[in-house]
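Right, one structure below, let's go through it.
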Amino acid sequence: MGWISFDLQATNGRARAGTLHTSHGDVETPAFMPVGTQASVKTLTQDDLAQIGYRLVLSNTYHLFLRPGVDLIESAGGLHRFMAWDGALLTDSGGYQVMSLCEFRKLSDEGVLFQSHLDGTQHLLTPELATRVQGRYGVDISMALDECPPFPASKEQVAEAVRRTTHWASRCLEAASEGQSLFGIVQGGVHEDLRQKSLEEVTSLPFDGFAIGGVSVGEPTELQRPIVQDFAPLLPESKPRYLMGVGQPADILHAIHAGIDMFDCVLPTRGARHNVLYTAKGRFDITGLAFESEFGPPDPDCDCAVCSQYSAAYIRHLVRMKEPTGLRLLTYHNLAYYRRLVRQAREAIEGGRWETFLRDSLQNLGESG
C-alpha cells in the first residue's frame, strides 16, 4: 500500500511550490497529471511519459473495475505492475463516470446502483467498494466517493449532494486499508454557502489531501474561477490541494495563483485527437493552412523531442492523412507543453517572480490578467 506526505518549499503570494512524497517517488508541485483512463495515456507509452518528465498519472477506477476487473489487476501485482509504470498513480473513485456514462443509475445514501455502459450488468458502487477497489489496485492516492451534480443543478440538488458527499466521506475513511492514502472532495457547485459547508465538513476529517470537485462539469469560466479563488486558500495549508478536471492553461495558472497544487484534465490528449496544438501563445488547429509549409517546429518555444525533430508541416500532413503517428506526436507535444507550464510556474514561485510570470503567460494566452 502507498503512503504520502507533503512539504512546501516556497510560496509567492498564495502560489505554492511543494513536493508530494510517495512510495513510487517524489512529485514536484504544481503538478499536472496526464489522464490514463484505461491504464494508458492514449497513443503514448510509459517511457514517453517518463521522458517528458511526468511522475504522477491518473487512472480510472470505474473503467478498470468493469474491464479488465480488479481481480486480474490484483493478481498482476497491482496497477503499477499491470501497466508497467514505476511512477506514482492516483485513481478517481468512479463516481463521476457512473453519473456521466450510465443511462440507468439510482442514487441513495447506500451508494449508486448503476448499469454498465459496456454490457448492461448492474453494480452497486458504495463508498466502501470504491475505497477497497482502489486499495486493491495498490495506487498511491485514492479518491473518496462523492456526488458531483452536473451544471446546472438546483440549489436543493446541490445541497443534497453536499450532505451525501460528507456522509460518504466518513465511510470511505472507515473502509480504507492500513497505509492507504485517501483524498476528500469538496462539493457545493457555484453556491458559496454550500461550498463553505462542504469545505468545513470534509476538511474536518483526517484525509491525506483535499480536492475541489464539481467546477468542471459544465460551469462557465466566470463562475468556475471565483469558486477556486475563494475556496482553494481555505483548504488545509499543510496538505496537497487538488483541482479536479480543470485543464485550460489559463485556468491552471489562475488556480495556481489561488494556491492549488495538483491538476488533471483530458484536454491535452483529447485535443490532440481533434487536431489541437497547445502552445505558450494559445491553441491552434494543426490542420490549418498556416502550418502547410511551416518547416520549423510546431511550437518554436518548445524543446520537446517532437519539436526538436519534426516540422509542423509534417505533423499536419500526418494528421490530415489520419496517420496514427500524427496523433502520437501531437499528444506527446501537448503533454510536454503542460509539463513545461507547471515546471516554469514552480520555478517562478521559487524565484519570487510569480506575479510577473503569471501576467506574461496570461498575456501570451490572450488574457489581460
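Order determines the names: the first chain of the C-alpha cells is A, the second B, and so forth; residues in each chain are numbered 1 upward, and ligands are numbered 1 upward as they are shown.
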
Please report, as a PyMOL selection string, each residue of region 100-349 of chain A to which DSSP assigns strand (DSSP E) when run on this structure's backbone. chain A and resi 105-107+112-115+122-125+141-143+182-186+209-212+241-243+262-264+276-279+282-285

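Taking only C-alpha atoms, the non-local environment of Glu237 (chain A) within 10 Å (same-chain residues fewer than 5 positions away omitted) comprises A:Leu8, A:Arg16, A:Gly209, A:Ala232, A:Gly259.
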
For Val215 (chain A), which residue among A:Val41, A:Leu66, A:Leu358, A:Ile227 is the nearest when counting only C-alpha atoms?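 Counting only C-alpha atoms, the residue closest to Val215 (chain A) is A:Ile227.
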
Please report, as a VMD selection string, each residue of region 91-184 of chain A to which DSSP assigns helix (DSSP H, G or I) when run on this structure's backbone. chain A and resid 95 to 101 127 to 137 155 to 175

Closest contacts (region 81-158 of chain A/region 20-29 of chain A, max 7 Å, only C-alpha atoms) as a tab-separated table:
```
residue	atom	partner	partner_atom	distance
A:Asp86	CA	A:His24	CA	6.4
A:Gly87	CA	A:His24	CA	5.2
A:Ala88	CA	A:His24	CA	5.1
A:Asp140	CA	A:Thr22	CA	6.5
```

Would you write out those residues with N, CA and C atoms, as a PDB file, in the first residue's frame?
```
ATOM      1  N   ASP A  86       6.448   2.892 -13.139  1.00  0.00           N
ATOM      2  CA  ASP A  86       7.141   2.926 -11.856  1.00  0.00           C
ATOM      3  C   ASP A  86       6.983   4.256 -11.137  1.00  0.00           C
ATOM      4  N   GLY A  87       6.205   5.175 -11.711  1.00  0.00           N
ATOM      5  CA  GLY A  87       5.905   6.418 -11.034  1.00  0.00           C
ATOM      6  C   GLY A  87       4.680   6.267 -10.147  1.00  0.00           C
ATOM      7  N   ALA A  88       4.184   7.384  -9.656  1.00  0.00           N
ATOM      8  CA  ALA A  88       3.028   7.367  -8.770  1.00  0.00           C
ATOM      9  C   ALA A  88       1.728   7.318  -9.567  1.00  0.00           C
ATOM     10  N   ASP A 140      -1.112   4.998  -5.262  1.00  0.00           N
ATOM     11  CA  ASP A 140      -0.529   5.876  -4.251  1.00  0.00           C
ATOM     12  C   ASP A 140      -1.568   6.799  -3.619  1.00  0.00           C
TER      13      ASP A 140
END
```

Residue nearest Phe263 (chain A) - candidates A:Tyr338, A:Gly326, A:Cys148, A:Pro300, atoms counted: only C-alpha atoms: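 Closest to Phe263 (chain A) of all the choices is A:Tyr338.
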
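For the set A:Gln248, A:Ser238, A:Ser93, A:Asn60, the residue with the smallest atom-to-atom gap to Asp7 (chain A) is A:Ser238, counting only C-alpha atoms.
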
May I have the residues within 7 Å of Met143 (chain A) as an MDAnalysis selection string, using only C-alpha atoms and disregarding those fewer than 4 positions away in the same chain? chainID A and resid 91:93 182:184

One-decimal distance in Å that lies between CA of Ser198 (chain A) and CA of Arg163 (chain A): 7.9 Å

Name the residues in contact with Ala336 (chain A) at a cut-off of 9 Å, using only C-alpha atoms, excluding same-chain residues fewer than 3 positions from it; report them as a PyMOL selection string. chain A and resi 49+52-53+302-305+331-333+339-341

Find the spatial neighbours of region 359-364 of chain A, counting only C-alpha atoms, within a cut-off of 7 Å - ignore same-chain residues fewer than 6 positions away - and output them as a ChimeraX atom specification. /A:250,280-281

Deliver the residues from the most recent selection as a file, using N, CA and C atoms, as a CSV table (one decimal), in the first residue's frame.
```csv
chain,number,residue,atom,x,y,z
A,250,ALA,N,-4.9,28.7,-19.1
A,250,ALA,CA,-5.1,29.9,-18.3
A,250,ALA,C,-5.8,29.6,-17.0
A,280,ALA,N,2.5,28.1,-25.9
A,280,ALA,CA,2.5,29.2,-24.9
A,280,ALA,C,1.8,30.4,-25.5
A,281,LYS,N,1.5,30.4,-26.8
A,281,LYS,CA,0.8,31.5,-27.4
A,281,LYS,C,-0.7,31.1,-27.7
```

One-decimal distance in Å that lies between CA of Ile4 (chain A) and CA of Gln344 (chain A):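 A separation of 24.2 Å between them.
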
When you count only C-alpha atoms, which of these residues is closest to Arg353 (chain A): A:Val190, A:Ala10, A:Ala290, A:Leu64? A:Ala10
